[in-house]
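K.L.:
Below you'll find model_16.txt; it's compact mmCIF, C-alpha atoms and all ligand atoms.
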```txt
# COMPACT_ATOMS: atom_id res chain seq x y z
CA MET A 85 7.01 -94.12 -11.94
CA SER A 86 4.74 -91.56 -13.58
CA THR A 87 1.62 -89.45 -13.48
CA GLN A 88 -1.33 -90.24 -15.73
CA VAL A 89 -4.62 -88.76 -16.86
CA HIS A 90 -6.84 -91.00 -18.94
CA PHE A 91 -8.95 -88.72 -21.13
CA GLY A 92 -12.31 -89.55 -22.74
CA PRO A 93 -11.03 -91.38 -25.87
CA THR A 94 -8.70 -93.54 -23.75
CA ARG A 95 -11.49 -94.36 -21.33
CA SER A 96 -13.77 -95.34 -24.23
CA ARG A 97 -11.04 -97.69 -25.44
CA GLU A 98 -10.79 -99.17 -21.95
CA SER A 99 -14.53 -99.86 -22.07
CA ARG A 100 -14.17 -101.37 -25.56
CA PHE A 101 -11.57 -103.82 -24.23
CA GLN A 102 -13.43 -104.42 -20.97
CA LEU A 103 -10.72 -103.19 -18.63
CA PRO A 104 -11.79 -103.14 -14.98
CA LYS A 105 -14.17 -100.26 -14.18
CA TRP A 106 -13.17 -97.67 -11.62
CA ASP A 107 -15.36 -95.95 -9.09
CA ASP A 108 -15.45 -92.60 -10.86
CA SER A 109 -17.84 -90.79 -8.56
CA ASN A 110 -15.41 -87.86 -8.51
CA PRO A 111 -13.91 -87.65 -12.02
CA LEU A 112 -11.72 -84.90 -13.50
CA LYS A 113 -13.94 -82.43 -15.34
CA SER A 114 -11.70 -79.54 -16.22
CA ILE A 115 -8.33 -78.04 -17.08
CA HIS A 116 -7.31 -74.93 -15.10
CA ILE A 117 -4.75 -72.69 -16.82
CA THR A 118 -2.55 -70.16 -15.02
CA ILE A 119 0.34 -68.19 -16.48
CA GLY A 120 2.73 -66.85 -13.87
CA THR A 121 0.45 -66.00 -10.96
CA GLN A 122 -2.44 -64.97 -13.23
CA LYS A 123 -5.26 -67.52 -13.36
CA LEU A 124 -6.57 -67.36 -16.93
CA PHE A 125 -9.52 -69.75 -17.06
CA THR A 126 -11.03 -73.14 -16.32
CA GLY A 127 -11.89 -75.06 -19.47
CA MET A 128 -14.46 -77.84 -19.14
CA LEU A 129 -13.71 -81.23 -20.72
CA LYS A 130 -16.38 -82.75 -22.98
CA GLU A 131 -15.90 -86.12 -21.27
CA ASP A 132 -14.76 -86.91 -17.73
CA ALA A 133 -11.12 -87.92 -17.26
CA LEU A 134 -9.58 -90.09 -14.55
CA SER A 135 -6.17 -90.44 -12.93
CA VAL A 136 -5.44 -93.67 -11.08
CA ASP A 137 -2.00 -94.47 -9.64
CA GLN A 138 -0.54 -96.92 -12.17
CA ARG A 139 0.69 -99.22 -9.39
CA LEU A 140 -2.92 -99.78 -8.42
CA TYR A 141 -4.36 -99.65 -11.92
CA PHE A 142 -1.99 -102.12 -13.57
CA SER A 143 -2.02 -104.61 -10.72
CA MET A 144 -5.83 -104.73 -10.95
CA CYS A 145 -5.67 -105.04 -14.75
CA MET A 146 -3.17 -107.89 -14.45
CA ASP A 147 -5.36 -109.71 -11.91
CA ASP A 148 -8.29 -109.26 -14.27
CA LEU A 149 -6.33 -110.63 -17.26
CA GLU A 150 -5.04 -113.54 -15.21
CA SER A 151 -8.61 -114.43 -14.27
CA LYS A 152 -9.38 -114.47 -18.03
CA GLY A 153 -6.55 -116.93 -18.77
CA VAL A 154 -3.55 -114.70 -19.58
CA THR A 155 -0.25 -115.99 -18.17
CA PHE A 156 2.31 -113.53 -16.79
CA HIS A 157 5.99 -114.33 -16.28
CA GLN A 158 7.47 -111.56 -14.18
CA LEU A 159 11.14 -111.23 -15.08
CA LYS A 160 13.55 -108.73 -16.51
CA VAL A 161 14.23 -109.27 -20.20
CA THR A 162 17.72 -108.42 -21.47
CA THR A 163 19.20 -108.35 -24.96
CA ASP A 164 20.57 -111.85 -24.29
CA ASP A 165 16.99 -113.17 -24.21
CA LEU A 166 15.83 -111.74 -27.52
CA GLU A 167 16.70 -114.66 -29.75
CA LYS A 168 14.95 -117.14 -27.50
CA LEU A 169 11.87 -114.92 -27.26
CA ILE A 170 11.71 -114.62 -31.04
CA ASN A 171 11.95 -118.39 -31.43
CA ASP A 172 9.46 -119.25 -28.68
CA TYR A 173 6.60 -116.92 -29.61
CA ASP A 174 4.48 -116.07 -32.65
CA LEU A 175 5.00 -112.36 -32.05
CA VAL A 176 7.19 -110.27 -29.74
CA ILE A 177 5.97 -106.78 -28.80
CA ASP A 178 8.64 -104.59 -27.24
CA CYS A 179 6.73 -102.41 -24.76
CA ILE A 180 9.21 -102.00 -21.94
CA GLY A 181 8.53 -98.30 -21.55
CA LYS A 182 10.98 -95.43 -21.31
CA SER A 183 14.00 -97.66 -20.54
CA GLY A 184 13.54 -99.27 -23.95
CA PRO A 185 13.59 -100.37 -26.59
CA LEU A 186 15.45 -103.68 -26.42
CA PHE A 187 15.22 -104.18 -30.19
CA PRO A 188 17.04 -101.75 -32.54
CA PHE A 189 14.00 -99.98 -34.00
CA PRO A 190 15.22 -97.17 -36.31
CA LEU A 191 14.98 -93.60 -35.01
CA GLU A 192 12.44 -91.38 -36.80
CA LYS A 193 14.78 -88.39 -37.01
CA GLU A 194 12.18 -85.84 -38.15
CA LEU A 195 10.19 -86.40 -34.96
CA SER A 196 13.23 -86.62 -32.66
CA PRO A 197 14.82 -83.15 -32.74
CA PHE A 198 16.39 -83.01 -29.26
CA ASP A 199 19.83 -84.20 -28.10
CA LEU A 200 18.98 -83.61 -24.44
CA PRO A 201 15.92 -83.69 -22.16
CA GLN A 202 14.05 -80.37 -22.24
CA ARG A 203 12.71 -80.63 -18.66
CA LYS A 204 13.59 -82.18 -15.33
CA CYS A 205 10.54 -83.89 -13.83
CA PHE A 206 9.86 -83.84 -10.07
CA VAL A 207 6.72 -85.77 -9.16
CA GLY A 208 5.15 -86.65 -5.83
CA TYR A 209 1.78 -88.08 -4.73
CA PHE A 210 0.72 -86.05 -1.68
CA PHE A 211 -1.79 -85.83 1.12
CA GLY A 212 -2.64 -82.39 2.48
CA ILE A 213 -3.78 -80.39 -0.56
CA LYS A 214 -7.39 -79.27 -0.82
CA PRO A 215 -8.56 -80.21 -4.33
CA ASN A 216 -9.31 -77.51 -6.86
CA ASP A 217 -12.87 -76.80 -7.96
CA PRO A 218 -14.25 -77.91 -10.36
CA LEU A 219 -12.02 -80.95 -9.97
CA GLY A 220 -9.45 -81.02 -12.74
CA VAL A 221 -5.86 -80.78 -13.87
CA ASN A 222 -4.30 -77.48 -12.84
CA VAL A 223 -1.58 -76.31 -15.25
CA THR A 224 0.64 -73.41 -14.24
CA VAL A 225 3.12 -72.12 -16.81
CA LEU A 226 6.03 -70.06 -15.51
CA PRO A 227 7.53 -68.68 -18.73
CA GLU A 228 11.17 -69.66 -19.30
CA ILE A 229 11.54 -71.65 -16.07
CA GLY A 230 8.96 -74.44 -16.30
CA GLU A 231 5.53 -75.70 -15.34
CA MET A 232 3.53 -77.28 -12.52
CA PHE A 233 0.82 -79.89 -13.11
CA GLU A 234 -1.46 -80.48 -10.15
CA ILE A 235 -3.47 -83.66 -10.73
CA PRO A 236 -6.12 -85.06 -8.37
CA ALA A 237 -5.56 -88.83 -8.41
CA ILE A 238 -6.90 -92.05 -6.96
CA THR A 239 -4.45 -94.25 -5.06
CA GLU A 240 -4.53 -97.26 -2.76
CA GLN A 241 -4.89 -94.71 0.08
CA GLY A 242 -7.83 -92.94 -1.57
CA PRO A 243 -7.95 -89.54 -3.32
CA VAL A 244 -4.67 -87.59 -3.21
CA THR A 245 -2.97 -84.81 -5.17
CA ILE A 246 -0.07 -85.25 -7.56
CA LEU A 247 2.31 -82.31 -7.71
CA PHE A 248 4.42 -82.51 -10.83
CA ILE A 249 7.06 -79.86 -11.46
CA MET A 250 8.67 -79.68 -14.89
CA ALA A 251 11.76 -77.54 -14.58
CA VAL A 252 13.79 -76.07 -17.41
CA PRO A 253 17.28 -77.35 -16.54
CA ASN A 254 19.45 -74.93 -14.58
CA LYS A 255 16.73 -72.27 -14.24
CA ASP A 256 15.03 -71.12 -11.01
CA LEU A 257 12.55 -74.01 -10.78
CA ASP A 258 15.33 -76.60 -11.05
CA MET A 259 15.55 -76.73 -7.25
CA PHE A 260 15.87 -80.44 -6.46
CA LYS A 261 19.61 -80.89 -7.02
CA GLY A 262 21.09 -83.16 -4.37
CA VAL A 263 17.66 -84.30 -3.08
CA LYS A 264 18.05 -87.96 -2.22
CA ASP A 265 15.21 -89.27 -0.08
CA SER A 266 11.48 -88.87 0.48
CA ILE A 267 11.92 -86.47 3.41
CA GLU A 268 14.18 -84.12 1.47
CA PHE A 269 11.88 -84.40 -1.53
CA THR A 270 8.80 -83.43 0.48
CA GLU A 271 10.61 -80.50 2.05
CA GLN A 272 11.84 -79.25 -1.32
CA MET A 273 8.37 -79.58 -2.87
CA LYS A 274 6.93 -77.57 0.01
CA GLN A 275 9.49 -74.82 -0.56
CA SER A 276 8.99 -74.79 -4.32
CA VAL A 277 5.20 -74.49 -3.93
CA GLN A 278 5.59 -71.69 -1.39
CA THR A 279 7.97 -69.78 -3.69
CA PHE A 280 6.34 -70.26 -7.08
CA PHE A 281 2.75 -71.53 -6.78
CA PRO A 282 0.78 -69.32 -4.36
CA ASP A 283 -2.62 -70.72 -5.37
CA ILE A 284 -1.59 -74.27 -4.47
CA HIS A 285 0.11 -72.98 -1.33
CA THR A 286 -3.16 -71.46 -0.08
CA ARG A 287 -4.78 -74.92 -0.39
CA MET A 288 -1.89 -76.71 1.34
CA ASP A 289 -2.32 -77.96 4.92
CA ILE A 290 1.26 -77.84 6.17
CA GLU A 291 0.53 -80.27 9.03
CA LYS A 292 -0.89 -82.92 6.73
CA PHE A 293 1.38 -82.37 3.74
CA ALA A 294 3.19 -85.69 3.18
CA LEU A 295 3.90 -88.27 0.49
CA THR A 296 1.25 -90.98 0.30
CA ASP A 297 3.99 -93.61 0.71
CA GLN A 298 7.77 -93.76 0.70
CA ASN A 299 7.90 -94.70 -3.00
CA ALA A 300 5.49 -92.03 -4.18
CA PHE A 301 8.08 -89.69 -5.63
CA LEU A 302 10.17 -89.55 -8.77
CA GLN A 303 12.96 -87.49 -10.28
CA VAL A 304 13.57 -88.13 -13.96
CA ALA A 305 14.42 -86.39 -17.23
CA ILE A 306 13.13 -87.71 -20.54
CA LYS A 307 14.91 -87.33 -23.88
CA PRO A 308 12.03 -87.56 -26.37
CA GLU A 309 12.60 -90.15 -29.10
CA ILE A 310 10.27 -91.53 -31.74
CA ARG A 311 11.14 -94.77 -33.52
CA ILE A 312 9.69 -96.65 -36.47
CA PRO A 313 7.84 -99.34 -34.50
CA TYR A 314 8.71 -102.46 -36.45
CA ILE A 315 11.80 -104.38 -37.45
CA THR A 316 12.67 -107.77 -38.85
CA TYR A 317 14.88 -109.60 -36.39
CA ASN A 318 16.10 -113.14 -37.00
CA LYS A 319 13.70 -113.29 -39.97
CA LYS A 320 10.67 -112.49 -37.82
CA ILE A 321 8.70 -109.29 -37.40
CA VAL A 322 8.96 -107.55 -34.02
CA VAL A 323 6.79 -104.54 -33.18
CA GLY A 324 7.10 -101.84 -30.55
CA CYS A 325 4.35 -100.10 -28.60
CA GLY A 326 4.10 -97.34 -26.01
CA ASP A 327 7.04 -95.37 -24.62
CA SER A 328 9.50 -97.97 -25.82
CA VAL A 329 9.13 -96.58 -29.35
CA PHE A 330 7.03 -93.41 -28.93
CA LEU A 331 8.68 -91.55 -26.06
CA ASN A 332 7.59 -87.97 -25.52
CA ASP A 333 8.26 -85.40 -22.83
CA PRO A 334 5.41 -85.67 -20.26
CA ILE A 335 4.58 -81.95 -20.62
CA THR A 336 1.28 -82.51 -22.45
CA GLY A 337 0.25 -85.57 -20.42
CA GLN A 338 -0.21 -87.69 -23.54
CA GLY A 339 2.03 -90.72 -22.93
CA SER A 340 -0.48 -93.20 -21.56
CA ASN A 341 -3.17 -91.94 -23.95
CA LEU A 342 -0.85 -92.32 -26.95
CA SER A 343 0.21 -95.79 -25.76
CA SER A 344 -3.44 -96.78 -25.46
CA TYR A 345 -4.18 -95.44 -28.96
CA CYS A 346 -1.27 -97.35 -30.48
CA ALA A 347 -2.15 -100.56 -28.62
CA GLU A 348 -5.62 -100.38 -30.15
CA LYS A 349 -4.19 -99.85 -33.65
CA LEU A 350 -1.82 -102.78 -33.11
CA TYR A 351 -4.71 -104.97 -31.99
CA GLU A 352 -6.75 -104.00 -35.07
CA THR A 353 -3.78 -104.65 -37.36
CA LEU A 354 -3.17 -108.11 -35.88
CA ILE A 355 -6.84 -108.97 -36.33
CA ASP A 356 -6.74 -107.76 -39.95
CA PHE A 357 -3.66 -109.93 -40.55
CA LYS A 358 -4.95 -113.00 -38.77
CA HIS A 359 -5.03 -115.05 -42.00
CA ASP A 360 -1.88 -113.47 -43.51
CA LYS A 361 1.80 -113.94 -42.89
CA TRP A 362 3.05 -111.74 -40.05
CA ASP A 363 5.90 -109.95 -41.82
CA GLU A 364 7.12 -106.42 -42.68
CA SER A 365 3.79 -105.52 -44.24
CA LEU A 366 2.09 -106.03 -40.87
CA GLY A 367 4.61 -103.65 -39.29
CA GLU A 368 4.19 -101.16 -42.12
CA THR A 369 0.38 -101.24 -41.80
CA TYR A 370 0.61 -100.68 -38.04
CA TRP A 371 3.00 -97.73 -38.52
CA ASN A 372 0.82 -96.23 -41.26
CA ARG A 373 -2.17 -96.39 -38.93
CA THR A 374 -0.38 -94.77 -36.00
CA LYS A 375 1.95 -92.31 -37.73
CA THR A 376 -0.40 -89.33 -38.06
CA TYR A 377 -1.47 -89.42 -34.43
CA VAL A 378 2.10 -90.00 -33.19
CA LYS A 379 3.25 -87.03 -35.29
CA GLU A 380 0.46 -84.74 -34.00
CA VAL A 381 1.12 -85.61 -30.36
CA THR A 382 4.88 -85.39 -30.75
CA GLU A 383 5.04 -82.10 -32.63
CA TRP A 384 2.58 -80.48 -30.20
CA THR A 385 4.45 -81.86 -27.19
CA ASN A 386 7.85 -80.77 -28.50
CA ALA A 387 6.46 -77.28 -29.19
CA MET A 388 5.15 -77.07 -25.61
CA THR A 389 8.71 -77.52 -24.29
CA GLN A 390 9.78 -74.36 -26.13
CA PRO A 391 8.65 -70.73 -25.61
CA LEU A 392 5.00 -70.57 -26.70
CA PRO A 393 4.43 -68.95 -30.11
CA GLU A 394 2.68 -65.56 -29.96
CA HIS A 395 -0.50 -66.81 -31.66
CA VAL A 396 -0.80 -69.58 -29.01
CA VAL A 397 -0.36 -67.04 -26.21
CA GLN A 398 -3.16 -65.01 -27.83
CA LEU A 399 -5.38 -68.12 -28.00
CA LEU A 400 -4.77 -68.76 -24.30
CA LEU A 401 -5.59 -65.16 -23.46
CA SER A 402 -8.79 -65.36 -25.51
CA GLY A 403 -9.90 -68.17 -23.19
CA VAL A 404 -10.25 -65.55 -20.42
CA ALA A 405 -13.15 -63.83 -22.16
CA SER A 406 -14.75 -66.80 -23.86
CA GLN A 407 -15.83 -69.96 -22.06
CA GLU A 408 -16.23 -71.64 -25.45
CA GLN A 409 -12.59 -70.92 -26.24
CA ALA A 410 -11.53 -72.07 -22.76
CA ASP A 411 -13.38 -75.36 -23.29
CA SER A 412 -11.74 -75.82 -26.71
CA ILE A 413 -8.31 -75.38 -25.12
CA ALA A 414 -9.15 -77.94 -22.42
CA GLU A 415 -10.04 -80.31 -25.25
CA TRP A 416 -6.47 -80.06 -26.65
CA PHE A 417 -5.47 -82.58 -23.98
CA ALA A 418 -8.26 -85.05 -24.82
CA GLU A 419 -8.00 -84.59 -28.61
CA PRO A 420 -4.38 -83.62 -29.34
CA ARG A 421 -5.20 -83.27 -33.04
CA THR A 422 -6.98 -80.00 -32.14
CA ALA A 423 -3.90 -78.78 -30.26
CA HIS A 424 -1.74 -79.60 -33.26
CA GLU A 425 -4.09 -77.61 -35.48
CA ALA A 426 -4.02 -74.66 -33.08
CA PHE A 427 -0.22 -74.67 -32.91
CA PHE A 428 0.66 -75.36 -36.52
CA GLN A 429 -2.26 -74.46 -38.74
CA LYS A 430 -3.11 -71.22 -37.00
CA THR A 431 -6.79 -71.76 -37.73
CA SER A 432 -9.38 -70.98 -35.09
CA ILE A 433 -9.60 -73.77 -32.51
C1 LIG B 1 7.20 -87.94 -14.86
C2 LIG B 1 6.21 -88.49 -15.84
C3 LIG B 1 4.92 -87.98 -15.89
C4 LIG B 1 4.00 -88.46 -16.80
N1 LIG B 1 2.75 -87.92 -16.83
C5 LIG B 1 1.84 -88.38 -17.70
C6 LIG B 1 0.50 -87.88 -17.70
O1 LIG B 1 0.16 -87.00 -16.93
N2 LIG B 1 -0.37 -88.41 -18.59
C7 LIG B 1 -0.02 -89.39 -19.46
O2 LIG B 1 -0.86 -89.85 -20.25
N3 LIG B 1 1.23 -89.90 -19.48
C8 LIG B 1 2.16 -89.42 -18.61
N4 LIG B 1 3.42 -89.95 -18.61
C9 LIG B 1 3.77 -90.96 -19.59
C10 LIG B 1 3.21 -92.32 -19.22
O3 LIG B 1 3.60 -92.69 -17.93
C11 LIG B 1 3.76 -93.34 -20.19
O4 LIG B 1 3.61 -92.84 -21.50
C12 LIG B 1 3.03 -94.66 -20.12
O5 LIG B 1 3.16 -95.21 -18.83
C13 LIG B 1 3.68 -95.58 -21.13
O6 LIG B 1 3.16 -96.85 -21.01
P1 LIG B 1 4.05 -98.09 -21.44
O7 LIG B 1 3.19 -99.27 -21.21
O8 LIG B 1 4.63 -97.86 -22.79
O9 LIG B 1 5.29 -98.07 -20.46
P2 LIG B 1 5.35 -98.27 -18.89
O10 LIG B 1 4.09 -97.81 -18.25
O11 LIG B 1 6.64 -97.66 -18.45
O12 LIG B 1 5.42 -99.86 -18.72
C14 LIG B 1 6.56 -100.56 -19.10
C15 LIG B 1 6.60 -101.85 -18.32
O13 LIG B 1 7.71 -102.65 -18.77
C16 LIG B 1 8.41 -103.13 -17.64
N5 LIG B 1 9.83 -103.31 -18.05
C17 LIG B 1 10.76 -102.35 -18.25
N6 LIG B 1 11.93 -102.91 -18.60
C18 LIG B 1 11.71 -104.25 -18.64
C19 LIG B 1 12.55 -105.36 -18.94
N7 LIG B 1 13.82 -105.20 -19.30
N8 LIG B 1 12.01 -106.60 -18.87
C20 LIG B 1 10.72 -106.78 -18.52
N9 LIG B 1 9.87 -105.75 -18.22
C21 LIG B 1 10.38 -104.51 -18.28
C22 LIG B 1 8.25 -102.06 -16.59
O14 LIG B 1 8.46 -102.59 -15.31
C23 LIG B 1 6.81 -101.64 -16.83
O15 LIG B 1 5.92 -102.46 -16.12
C24 LIG B 1 4.37 -89.47 -17.71
C25 LIG B 1 5.65 -90.00 -17.65
C26 LIG B 1 6.57 -89.52 -16.73
C27 LIG B 1 7.95 -90.09 -16.71
```
Please express the file's structure as structure tokens.
Ligand SMILES: Cc1cc2nc3c(=O)[nH]c(=O)nc-3n(C[C@H](O)[C@H](O)[C@H](O)COP(=O)(O)OP(=O)(O)OC[C@H]3O[C@@H](n4cnc5c(N)ncnc54)[C@H](O)[C@@H]3O)c2cc1C
P.N.:
Amino acid sequence: MSTQVHFGPTRSRESRFQLPKWDDSNPLKSIHITIGTQKLFTGMLKEDALSVDQRLYFSMCMDDLESKGVTFHQLKVTTDDLEKLINDYDLVIDCIGKSGPLFPFPLEKELSPFDLPQRKCFVGYFFGIKPNDPLGVNVTVLPEIGEMFEIPAITEQGPVTILFIMAVPNKDLDMFKGVKDSIEFTEQMKQSVQTFFPDIHTRMDIEKFALTDQNAFLQVAIKPEIRIPYITYNKKIVVGCGDSVFLNDPITGQGSNLSSYCAEKLYETLIDFKHDKWDESLGETYWNRTKTYVKEVTEWTNAMTQPLPEHVVQLLLSGVASQEQADSIAEWFAEPRTAHEAFFQKTSI
């Protein structure tokens, strides 16, 4: 249902909470940036990143938690169930992802400027693409029509390549209208790569190019919405976490990293409140601890969906001549605070 790149800070958090370790003998080390057909630079990340198919990752995490005594009930929650949930549990956390939230958390209007999705997302996990070198996320920006993210990923079938097109609606890259099944999707992706992404096309083995499995593709459009992540419902505090309350366009690849950050802040808040009443002040503390980071990620992400400001274009171009600058730009994705500074404070990065 997604792509994902877990950057250094997220991976440190995963170690802190003892999530299952992955064989990371071939981690992501870089961000490649191309504008149009002009490769600008390869920025090196300070810490290795990793992209594991969430179907594999979460099922292993759930097995791990189950072995440590956590009980899972796998069922679809609806608004009819909310009252019972509130009554049965000490705390309800609404983290149902982009289809959420189920609880009426108030919209944070200042951080939710769009009435419509800014991109259409076309994602597939594919065999048949020779990985880039050094291994990393390959970002191609086609001004005014959209972007391509090429992400080497680990799946149940081994290493594969994610091709993720973000198309500005109704422009040239918005080519998947009417595509219904995996065969049509693969064919359309092949054509789009051939037309718009020559570098990827040169690394494509047409004979082997295929989805890793019949479910490994997605067409979706996200309307970004940020909500205040707590509410009192039936006299009890309910909190929200992840996409359910902090939903951004995937263009900066921050969603799972932001969710991880907020989950850690929620954990720390609950621990700090373990001897206090769990009420509005718990929610307020959690929001105060997450707000700055949510704002930085969201404002940067929203800006990336619009034409890039001239000073940002200049920064990108300066990465061509300076490896140090290229590495700083790669770090935007691991430390979005630095991207926010570069976009909005116009200081050197
Ligand atoms: C096309 C696309 C590309 C992306 N690319 C990136 C990227 O490169 N890097 C990145 O960091 N992030 C990326 N993201 C964002 C990332 O996937 C999400 O931010 C992240 O998965 C959010 O985690 P979550 O736990 O909040 O929600 P989810 O991962 O969506 O998990 C929500 C869970 O709730 C369950 N659920 C939903 N409704 C109900 C219900 N009614 N009852 C019970 N359970 C329910 C779902 O089945 C799911 O298991 C991308 C997203 C999309 C759509």
K.L.:
With a cut-off of 6 Å, could you pull out the residues of chain A touching ligand LIG 1 (chain B) and give me the nearest pair of atoms for each, distance in Å to one decimal, using all atoms listed in the file, ordered by chain and ascending number, as CSV?
P.N.:
```
residue,atom,partner,partner_atom,distance
A:Ser86,CA,B:LIG1,C2,4.1
A:Thr87,CA,B:LIG1,N1,3.9
A:Gln88,CA,B:LIG1,N2,3.5
A:Val89,CA,B:LIG1,N2,4.6
A:Leu159,CA,B:LIG1,C20,5.6
A:Lys160,CA,B:LIG1,N8,3.5
A:Val161,CA,B:LIG1,N8,3.7
A:Thr162,CA,B:LIG1,N7,5.5
A:Cys179,CA,B:LIG1,O8,5.4
A:Ile180,CA,B:LIG1,O13,3.6
A:Gly181,CA,B:LIG1,O9,3.4
A:Lys182,CA,B:LIG1,O11,5.7
A:Ser183,CA,B:LIG1,N6,6.0
A:Cys205,CA,B:LIG1,C1,5.3
A:Gly326,CA,B:LIG1,O8,3.3
A:Asp327,CA,B:LIG1,O8,3.9
A:Ser328,CA,B:LIG1,O8,5.7
A:Pro334,CA,B:LIG1,C4,4.7
A:Gly337,CA,B:LIG1,N2,3.4
A:Gln338,CA,B:LIG1,O2,4.0
A:Gly339,CA,B:LIG1,O4,3.0
A:Ser340,CA,B:LIG1,O2,3.6
A:Asn341,CA,B:LIG1,O2,4.8
A:Ser343,CA,B:LIG1,O6,5.7
```
K.L.:
Output the selection as a PDB file, keeping the file's coordinate frame - C-alpha atoms for each residue.
P.N.:
```
ATOM      1  CA  SER A  86       4.740 -91.560 -13.580  1.00  0.00           C
ATOM      2  CA  THR A  87       1.620 -89.450 -13.480  1.00  0.00           C
ATOM      3  CA  GLN A  88      -1.330 -90.240 -15.730  1.00  0.00           C
ATOM      4  CA  VAL A  89      -4.620 -88.760 -16.860  1.00  0.00           C
ATOM      5  CA  LEU A 159      11.140-111.230 -15.080  1.00  0.00           C
ATOM      6  CA  LYS A 160      13.550-108.730 -16.510  1.00  0.00           C
ATOM      7  CA  VAL A 161      14.230-109.270 -20.200  1.00  0.00           C
ATOM      8  CA  THR A 162      17.720-108.420 -21.470  1.00  0.00           C
ATOM      9  CA  CYS A 179       6.730-102.410 -24.760  1.00  0.00           C
ATOM     10  CA  ILE A 180       9.210-102.000 -21.940  1.00  0.00           C
ATOM     11  CA  GLY A 181       8.530 -98.300 -21.550  1.00  0.00           C
ATOM     12  CA  LYS A 182      10.980 -95.430 -21.310  1.00  0.00           C
ATOM     13  CA  SER A 183      14.000 -97.660 -20.540  1.00  0.00           C
ATOM     14  CA  CYS A 205      10.540 -83.890 -13.830  1.00  0.00           C
ATOM     15  CA  GLY A 326       4.100 -97.340 -26.010  1.00  0.00           C
ATOM     16  CA  ASP A 327       7.040 -95.370 -24.620  1.00  0.00           C
ATOM     17  CA  SER A 328       9.500 -97.970 -25.820  1.00  0.00           C
ATOM     18  CA  PRO A 334       5.410 -85.670 -20.260  1.00  0.00           C
ATOM     19  CA  GLY A 337       0.250 -85.570 -20.420  1.00  0.00           C
ATOM     20  CA  GLN A 338      -0.210 -87.690 -23.540  1.00  0.00           C
ATOM     21  CA  GLY A 339       2.030 -90.720 -22.930  1.00  0.00           C
ATOM     22  CA  SER A 340      -0.480 -93.200 -21.560  1.00  0.00           C
ATOM     23  CA  ASN A 341      -3.170 -91.940 -23.950  1.00  0.00           C
ATOM     24  CA  SER A 343       0.210 -95.790 -25.760  1.00  0.00           C
TER      25      SER A 343
END
```
K.L.:
Using only C-alpha atoms, which of the listed residues (A:Lys193, A:Arg421, A:His90, A:Lys113) sits closest to Asn222 (chain A)?
P.N.:
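The answer is A:Lys113, which sits nearest to Asn222 (chain A).
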K.L.:
Measure the distance from CA of Tyr209 (chain A) to CA of Ile246 (chain A) in Å and round it to one decimal.
P.N.:
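CA of Ile246 (chain A) lies 4.4 Å from CA of Tyr209 (chain A).
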K.L.:
So that I can see what lies close to Asp297 (chain A), please list as a PyMOL selection string the residues with an atom at most 10 Å from it, counting only C-alpha atoms and leaving out residues fewer than 6 positions away in the same chain.
P.N.:
chain A and resi 208-211+240-241+266
K.L.:
Show me, as a ChimeraX atom specification, the residues that have an atom within 10 Å of Ser276 (chain A) when counting all atoms listed in the file, minus same-chain residues fewer than 5 positions from it.
P.N.:
/A:249,256-260,270-271,281-282,285
K.L.:
Skip region 195-204 of chain A itself and residues of its chain fewer than 4 positions away, then list as a ChimeraX atom specification all residues within 8 Å of it, counting only C-alpha atoms.
P.N.:
/A:191,230,249-253,258,303-310,333,379,382-383,389
K.L.:
What residues have an atom no more than 10 Å from (-3.9, -100.4, -10.5) in the file's own frame, counting only C-alpha atoms, and can you write them as a count of residues only?
P.N.:
17
